[in-house]
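S.K.: Would you mind keeping the following structure in view while I ask a few things?
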Amino acid sequence: KAGVTQTPRYLIKTRGQQVTLSCSPISGHRSVSWYQQTPGQGLQFLFEYFSETQRNKGNFPGRFSGRQFSNSRSEMNVSTLELGDSALYLCASSPQPGAGELFFGEGSRLTVL
Amino acid sequence: QKEVEQDPGPLSVPEGAIVSLNCTYSNSAFQYFMWYRQYSRKGPELLMYTYSSGNKEDGRFTAQVDKSSKYISLFIRDSQPSDSATYLCAMKTASGGSYIPTFGRGTSLIVHP
């Protein structure tokens with residue numbers, strides 16, 4: 001069974017640009033969550049999607065947005081990039097919301113210059 | 001003060017040592033406790049999942065929860081160089097509350113031969 005796939009794995013952007021990250025969950029998993037990981041703050045929850053609906057949202061500004069498609073694939077977008085947005089963005093899938101285990105992808109490492 | 005506190009380390013031990021990794025938390029509503037392992041350039045993977053207080057053993061790994069002290073531990077017996085990774089604790093409330101897990105910052109473990 002293929003795991004969670006995230007693309008791109010690495011990217012470099014400059015301040016003010018926007019970025020879109022993609023996540024394909026494990027087949028059959030309908031819940032997708034996004035996390036930001038930095039050395040200083042650790043793993044912080046961004047948002048969760050299920051059945052194309054955002055069910056939960058973390059404490060991030062409106063520049064961070066996401067969506068989920070009917071095939072459960074998800075994208076997140078960050079607009080007007082800031083230096084502090086440099087981080088590893090992790091996508092996690094689970095069969096349904098609140099399931100015990102989250103299955104993480106390898107992440108997309110974003111560097112903002 | 002963060003809801004979940006975890007010493008980032010690094011913790012360096014010789015091969016064969018018993019490793020103790022710990023987290024403290026402040027939210028008494030947490031009922032589910034997890035430990036994830038994250039290798040360099042990889043996403044976290046679930047190691048242990050426990051409910052409420054007590055111990056759970058899985059091979060060389062033992063998870064311990066003390067709800068009265070708001071303290072959880074992960075013990076690794078006969079540590080191996082392949083155990084070198086970052087270990088993240090995570091916890092969440094029971095159903096009815098927010099089931100989004102809150103993660104610690106992670107402890108970097110180095111097991112040297």
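Residues in the structure tokens are named by chain (A, B, ... in the order shown) and by number from 1 within that chain; ligands are numbered from 1 in the order shown.
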Neighbours of stretch 51-63 of chain B within 12 Å (only C-alpha atoms; same-chain residues fewer than 2 positions away dropped), as an mmCIF file with N, CA and C atoms, in the first residue's frame?

M.R.:
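Written file, part33.cif:
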```cif
data_model
loop_
_atom_site.group_PDB
_atom_site.id
_atom_site.type_symbol
_atom_site.label_atom_id
_atom_site.label_comp_id
_atom_site.auth_asym_id
_atom_site.auth_seq_id
_atom_site.Cartn_x
_atom_site.Cartn_y
_atom_site.Cartn_z
ATOM 1 N N GLY A 100 -7.096 6.919 15.629
ATOM 2 C CA GLY A 100 -5.956 6.876 16.534
ATOM 3 C C GLY A 100 -4.652 7.283 15.910
ATOM 4 N N GLY B 16 23.186 -0.025 23.698
ATOM 5 C CA GLY B 16 22.874 -0.935 24.786
ATOM 6 C C GLY B 16 22.290 -0.253 26.014
ATOM 7 N N ALA B 17 22.348 1.061 26.066
ATOM 8 C CA ALA B 17 21.832 1.792 27.228
ATOM 9 C C ALA B 17 20.309 1.768 27.256
ATOM 10 N N ILE B 18 19.759 2.005 28.453
ATOM 11 C CA ILE B 18 18.315 2.208 28.588
ATOM 12 C C ILE B 18 18.064 3.707 28.457
ATOM 13 N N VAL B 19 17.152 4.045 27.550
ATOM 14 C CA VAL B 19 16.858 5.450 27.282
ATOM 15 C C VAL B 19 15.510 5.809 27.898
ATOM 16 N N SER B 20 15.450 6.980 28.498
ATOM 17 C CA SER B 20 14.202 7.484 29.055
ATOM 18 C C SER B 20 13.891 8.830 28.417
ATOM 19 N N LEU B 21 12.749 8.914 27.752
ATOM 20 C CA LEU B 21 12.294 10.146 27.113
ATOM 21 C C LEU B 21 11.011 10.567 27.807
ATOM 22 N N ASN B 22 10.860 11.871 28.031
ATOM 23 C CA ASN B 22 9.748 12.326 28.858
ATOM 24 C C ASN B 22 9.039 13.548 28.304
ATOM 25 N N CYS B 23 7.781 13.667 28.690
ATOM 26 C CA CYS B 23 6.987 14.862 28.386
ATOM 27 C C CYS B 23 6.119 15.197 29.576
ATOM 28 N N SER B 28 -5.435 18.615 31.788
ATOM 29 C CA SER B 28 -5.877 17.379 32.454
ATOM 30 C C SER B 28 -6.914 16.617 31.629
ATOM 31 N N ALA B 29 -7.421 17.212 30.557
ATOM 32 C CA ALA B 29 -8.411 16.536 29.718
ATOM 33 C C ALA B 29 -7.777 15.554 28.727
ATOM 34 N N PHE B 30 -6.470 15.604 28.602
ATOM 35 C CA PHE B 30 -5.813 14.660 27.687
ATOM 36 C C PHE B 30 -6.036 13.242 28.178
ATOM 37 N N GLN B 31 -6.451 12.372 27.247
ATOM 38 C CA GLN B 31 -6.741 10.992 27.609
ATOM 39 C C GLN B 31 -5.941 9.991 26.776
ATOM 40 N N TYR B 32 -5.558 10.411 25.563
ATOM 41 C CA TYR B 32 -4.827 9.536 24.659
ATOM 42 C C TYR B 32 -3.413 10.066 24.514
ATOM 43 N N PHE B 33 -2.442 9.156 24.604
ATOM 44 C CA PHE B 33 -1.047 9.560 24.603
ATOM 45 C C PHE B 33 -0.284 8.736 23.579
ATOM 46 N N MET B 34 0.529 9.414 22.791
ATOM 47 C CA MET B 34 1.213 8.768 21.689
ATOM 48 C C MET B 34 2.680 9.150 21.670
ATOM 49 N N TRP B 35 3.483 8.277 21.114
ATOM 50 C CA TRP B 35 4.883 8.570 20.825
ATOM 51 C C TRP B 35 5.113 8.303 19.339
ATOM 52 N N TYR B 36 5.685 9.293 18.678
ATOM 53 C CA TYR B 36 6.056 9.175 17.272
ATOM 54 C C TYR B 36 7.577 9.233 17.166
ATOM 55 N N ARG B 37 8.106 8.525 16.190
ATOM 56 C CA ARG B 37 9.535 8.563 15.901
ATOM 57 C C ARG B 37 9.708 9.198 14.530
ATOM 58 N N LEU B 47 4.808 5.096 17.127
ATOM 59 C CA LEU B 47 5.488 4.026 17.853
ATOM 60 C C LEU B 47 4.569 3.375 18.881
ATOM 61 N N MET B 48 3.956 4.215 19.702
ATOM 62 C CA MET B 48 3.151 3.707 20.802
ATOM 63 C C MET B 48 1.888 4.557 20.934
ATOM 64 N N TYR B 49 0.799 3.913 21.342
ATOM 65 C CA TYR B 49 -0.477 4.616 21.502
ATOM 66 C C TYR B 49 -1.131 4.055 22.765
ATOM 67 N N VAL B 65 2.335 6.241 31.432
ATOM 68 C CA VAL B 65 1.536 7.452 31.610
ATOM 69 C C VAL B 65 1.192 7.602 33.079
ATOM 70 N N ASP B 66 1.465 8.756 33.643
ATOM 71 C CA ASP B 66 1.092 9.079 35.018
ATOM 72 C C ASP B 66 0.227 10.325 34.960
ATOM 73 N N LYS B 67 -1.073 10.135 34.911
ATOM 74 C CA LYS B 67 -1.985 11.269 34.764
ATOM 75 C C LYS B 67 -2.006 12.147 36.009
ATOM 76 N N SER B 68 -1.763 11.557 37.176
ATOM 77 C CA SER B 68 -1.788 12.359 38.402
ATOM 78 C C SER B 68 -0.665 13.393 38.393
ATOM 79 N N SER B 69 0.454 13.045 37.771
ATOM 80 C CA SER B 69 1.590 13.972 37.685
ATOM 81 C C SER B 69 1.634 14.690 36.352
ATOM 82 N N LYS B 70 0.742 14.338 35.428
ATOM 83 C CA LYS B 70 0.739 14.894 34.073
ATOM 84 C C LYS B 70 2.112 14.691 33.433
ATOM 85 N N TYR B 71 2.519 13.440 33.403
ATOM 86 C CA TYR B 71 3.886 13.100 32.987
ATOM 87 C C TYR B 71 3.837 11.790 32.214
ATOM 88 N N ILE B 72 4.442 11.769 31.011
ATOM 89 C CA ILE B 72 4.514 10.522 30.260
ATOM 90 C C ILE B 72 5.963 10.239 29.902
ATOM 91 N N SER B 73 6.250 8.946 29.745
ATOM 92 C CA SER B 73 7.616 8.533 29.448
ATOM 93 C C SER B 73 7.625 7.462 28.378
ATOM 94 N N LEU B 74 8.721 7.403 27.662
ATOM 95 C CA LEU B 74 8.996 6.318 26.730
ATOM 96 C C LEU B 74 10.360 5.761 27.090
ATOM 97 N N PHE B 75 10.405 4.461 27.385
ATOM 98 C CA PHE B 75 11.668 3.801 27.700
ATOM 99 C C PHE B 75 12.065 2.916 26.526
ATOM 100 N N ILE B 76 13.341 2.976 26.193
ATOM 101 C CA ILE B 76 13.890 2.117 25.149
ATOM 102 C C ILE B 76 14.980 1.269 25.778
ATOM 103 N N ARG B 77 14.777 -0.044 25.769
ATOM 104 C CA ARG B 77 15.781 -0.948 26.322
ATOM 105 C C ARG B 77 16.759 -1.365 25.230
ATOM 106 N N ASP B 78 17.985 -1.696 25.644
ATOM 107 C CA ASP B 78 19.003 -2.179 24.700
ATOM 108 C C ASP B 78 19.026 -1.290 23.443
ATOM 109 N N SER B 79 19.251 -0.016 23.652
ATOM 110 C CA SER B 79 19.192 0.938 22.539
ATOM 111 C C SER B 79 20.210 0.596 21.444
ATOM 112 N N GLN B 80 19.812 0.858 20.214
ATOM 113 C CA GLN B 80 20.611 0.556 19.036
ATOM 114 C C GLN B 80 20.883 1.848 18.250
ATOM 115 N N ASP B 83 18.075 3.395 16.525
ATOM 116 C CA ASP B 83 17.076 4.142 17.294
ATOM 117 C C ASP B 83 17.340 5.649 17.255
ATOM 118 N N CYS B 89 6.338 13.317 21.525
ATOM 119 C CA CYS B 89 5.158 12.880 22.241
ATOM 120 C C CYS B 89 3.952 13.661 21.690
ATOM 121 N N ALA B 90 2.797 13.066 21.814
ATOM 122 C CA ALA B 90 1.572 13.723 21.363
ATOM 123 C C ALA B 90 0.438 13.257 22.253
ATOM 124 N N MET B 91 -0.555 14.103 22.422
ATOM 125 C CA MET B 91 -1.675 13.732 23.271
ATOM 126 C C MET B 91 -2.936 14.445 22.810
ATOM 127 N N LYS B 92 -4.076 13.829 23.126
ATOM 128 C CA LYS B 92 -5.334 14.425 22.726
ATOM 129 C C LYS B 92 -6.426 14.050 23.708
ATOM 130 N N THR B 93 -7.523 14.811 23.637
ATOM 131 C CA THR B 93 -8.634 14.552 24.536
ATOM 132 C C THR B 93 -9.471 13.395 24.000
ATOM 133 N N ALA B 94 -10.404 12.927 24.804
ATOM 134 C CA ALA B 94 -11.320 11.886 24.367
ATOM 135 C C ALA B 94 -12.329 12.487 23.404
#
```

S.K.: Could you give me, as a VMD selection string, each residue of chain B that DSSP assigns to strand (DSSP E) when run on this structure's backbone?

M.R.: chain B and resid 4 to 5 11 to 14 19 to 25 30 to 38 45 to 51 54 to 58 61 to 66 71 to 76 85 to 93 102 to 103 107 to 112

S.K.: Can you work out which residues from chain A touch chain B at a cut-off of 7 Å (counting only C-alpha atoms) and hand them back as a PDB file with N, CA and C atoms, in the first residue's frame?

M.R.:
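iface-v8.pdb, written as the output of this step:
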```pdb
ATOM      1  N   GLN A  41       9.240  25.836  17.262  1.00  0.00           N
ATOM      2  CA  GLN A  41       7.852  25.612  17.675  1.00  0.00           C
ATOM      3  C   GLN A  41       7.417  24.163  17.607  1.00  0.00           C
ATOM      4  N   GLY A  42       8.217  23.312  16.983  1.00  0.00           N
ATOM      5  CA  GLY A  42       7.813  21.917  16.852  1.00  0.00           C
ATOM      6  C   GLY A  42       6.726  21.752  15.804  1.00  0.00           C
ATOM      7  N   LEU A  43       5.867  20.769  16.043  1.00  0.00           N
ATOM      8  CA  LEU A  43       4.807  20.418  15.094  1.00  0.00           C
ATOM      9  C   LEU A  43       3.536  21.178  15.473  1.00  0.00           C
ATOM     10  N   GLY A  98     -10.310  11.891  13.853  1.00  0.00           N
ATOM     11  CA  GLY A  98     -10.240  11.375  15.206  1.00  0.00           C
ATOM     12  C   GLY A  98      -9.694   9.964  15.308  1.00  0.00           C
ATOM     13  N   GLU A 101      -4.335   6.733  14.743  1.00  0.00           N
ATOM     14  CA  GLU A 101      -3.011   6.934  14.177  1.00  0.00           C
ATOM     15  C   GLU A 101      -3.055   7.876  12.983  1.00  0.00           C
ATOM     16  N   PHE A 103      -0.900   8.997   9.695  1.00  0.00           N
ATOM     17  CA  PHE A 103       0.149   8.512   8.799  1.00  0.00           C
ATOM     18  C   PHE A 103       0.704   9.731   8.067  1.00  0.00           C
ATOM     19  N   PHE A 104       1.969  10.020   8.338  1.00  0.00           N
ATOM     20  CA  PHE A 104       2.589  11.221   7.791  1.00  0.00           C
ATOM     21  C   PHE A 104       3.335  10.950   6.485  1.00  0.00           C
ATOM     22  N   GLY A 105       3.333  11.966   5.636  1.00  0.00           N
ATOM     23  CA  GLY A 105       4.217  11.969   4.480  1.00  0.00           C
ATOM     24  C   GLY A 105       5.606  12.432   4.893  1.00  0.00           C
ATOM     25  N   GLU A 106       6.504  12.507   3.923  1.00  0.00           N
ATOM     26  CA  GLU A 106       7.885  12.920   4.221  1.00  0.00           C
ATOM     27  C   GLU A 106       8.022  14.434   4.278  1.00  0.00           C
ATOM     28  N   GLY A 107       7.009  15.150   3.872  1.00  0.00           N
ATOM     29  CA  GLY A 107       7.000  16.594   4.027  1.00  0.00           C
ATOM     30  C   GLY A 107       7.510  17.353   2.816  1.00  0.00           C
TER      31      GLY A 107
END
```

S.K.: Write out as JSON, numbers by chain the residues lying within 12 Å of A:Ile26, counting only C-alpha atoms and excluding same-chain residues fewer than 3 positions away.

M.R.: {"A": [1, 2, 3, 4, 5, 6, 23, 29, 30, 31, 32, 71, 72, 73, 74, 91, 92, 93, 94, 95, 96, 102, 103, 104, 105]}

S.K.: Could you name the residues that touch A:Arg109 at 12 Å or less, counting only C-alpha atoms, but leaving out those on the same chain fewer than 5 positions away, as a PyMOL selection string?

M.R.: (chain A and resi 6-13+19+21+35-38+85-91) or (chain B and resi 41-43)

S.K.: As an exercise, work out the distance from atom CA of B:Glu5 to atom CA of B:Thr24 in Å and give it to one decimal place.

M.R.: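 Interatomic distance here is 5.3 Å.
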
S.K.: Find the residues near B:Ile110: any atom within 9 Å, counting only C-alpha atoms, skip ones fewer than 3 places away on the same chain, and give them as a list in words.

M.R.: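 So, after excluding close chain neighbours, the residues are Pro10, Leu11, Ser12, Val13, Pro14, Pro81, Asp83, Ser84, Ala85 and Thr86 of chain B.
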
S.K.: Using only C-alpha atoms, which residues sit within 7 Å of stretch 59-63 of chain A once same-chain residues fewer than 3 positions away are excluded, as a ChimeraX atom specification?

M.R.: /A:46,78-80

S.K.: Mind dumping the selected residues with N, CA, C and O atoms as a compact mmCIF listing (two decimals), in the first residue's frame?

M.R.:
```txt
# COMPACT_ATOMS: atom_id res chain seq x y z
N LEU A 46 -2.17 22.94 11.35
CA LEU A 46 -2.67 23.98 10.45
C LEU A 46 -4.17 23.83 10.21
O LEU A 46 -4.95 24.70 10.53
N VAL A 78 0.08 28.96 0.69
CA VAL A 78 0.53 30.06 1.55
C VAL A 78 0.78 31.26 0.64
O VAL A 78 1.57 31.17 -0.30
N SER A 79 0.09 32.34 0.90
CA SER A 79 0.26 33.54 0.08
C SER A 79 1.14 34.54 0.81
O SER A 79 1.34 34.45 2.03
N THR A 80 1.65 35.49 0.07
CA THR A 80 2.50 36.56 0.61
C THR A 80 3.51 36.00 1.61
O THR A 80 3.49 36.32 2.82
```

S.K.: Identify, on the basis of only C-alpha atoms, every residue whose closest approach to A:Gly84 does not exceed 10 Å; exclude the query and any residue fewer than 6 positions from it along the same chain; express the result as a list in words.

M.R.: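 After dropping sequence-adjacent residues, the list is Arg15, Thr38, Thr111, Val112 and Leu113 of chain A.
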
S.K.: Let's have the selection written as a PDB file, in the first residue's frame, with C-alpha atoms.

M.R.:
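Final output, selection_28.pdb:
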```pdb
ATOM      1  CA  ARG A  15       9.253  36.919   0.279  1.00  0.00           C
ATOM      2  CA  THR A  38       9.998  24.227  12.845  1.00  0.00           C
ATOM      3  CA  THR A 111      12.733  27.905   2.314  1.00  0.00           C
ATOM      4  CA  VAL A 112      11.752  31.561   2.012  1.00  0.00           C
ATOM      5  CA  LEU A 113      14.555  33.968   1.096  1.00  0.00           C
TER       6      LEU A 113
END
```

S.K.: So how many Å separate atom CA of A:Asn77 and atom CA of A:Thr14, to one decimal?

M.R.: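 Between atom CA of A:Asn77 and atom CA of A:Thr14 the gap works out to 14.8 Å.
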
S.K.: In Å, how far is it from atom CA of A:Tyr49 to atom CA of A:Gly16?

M.R.: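 It comes out at 26.4 Å.
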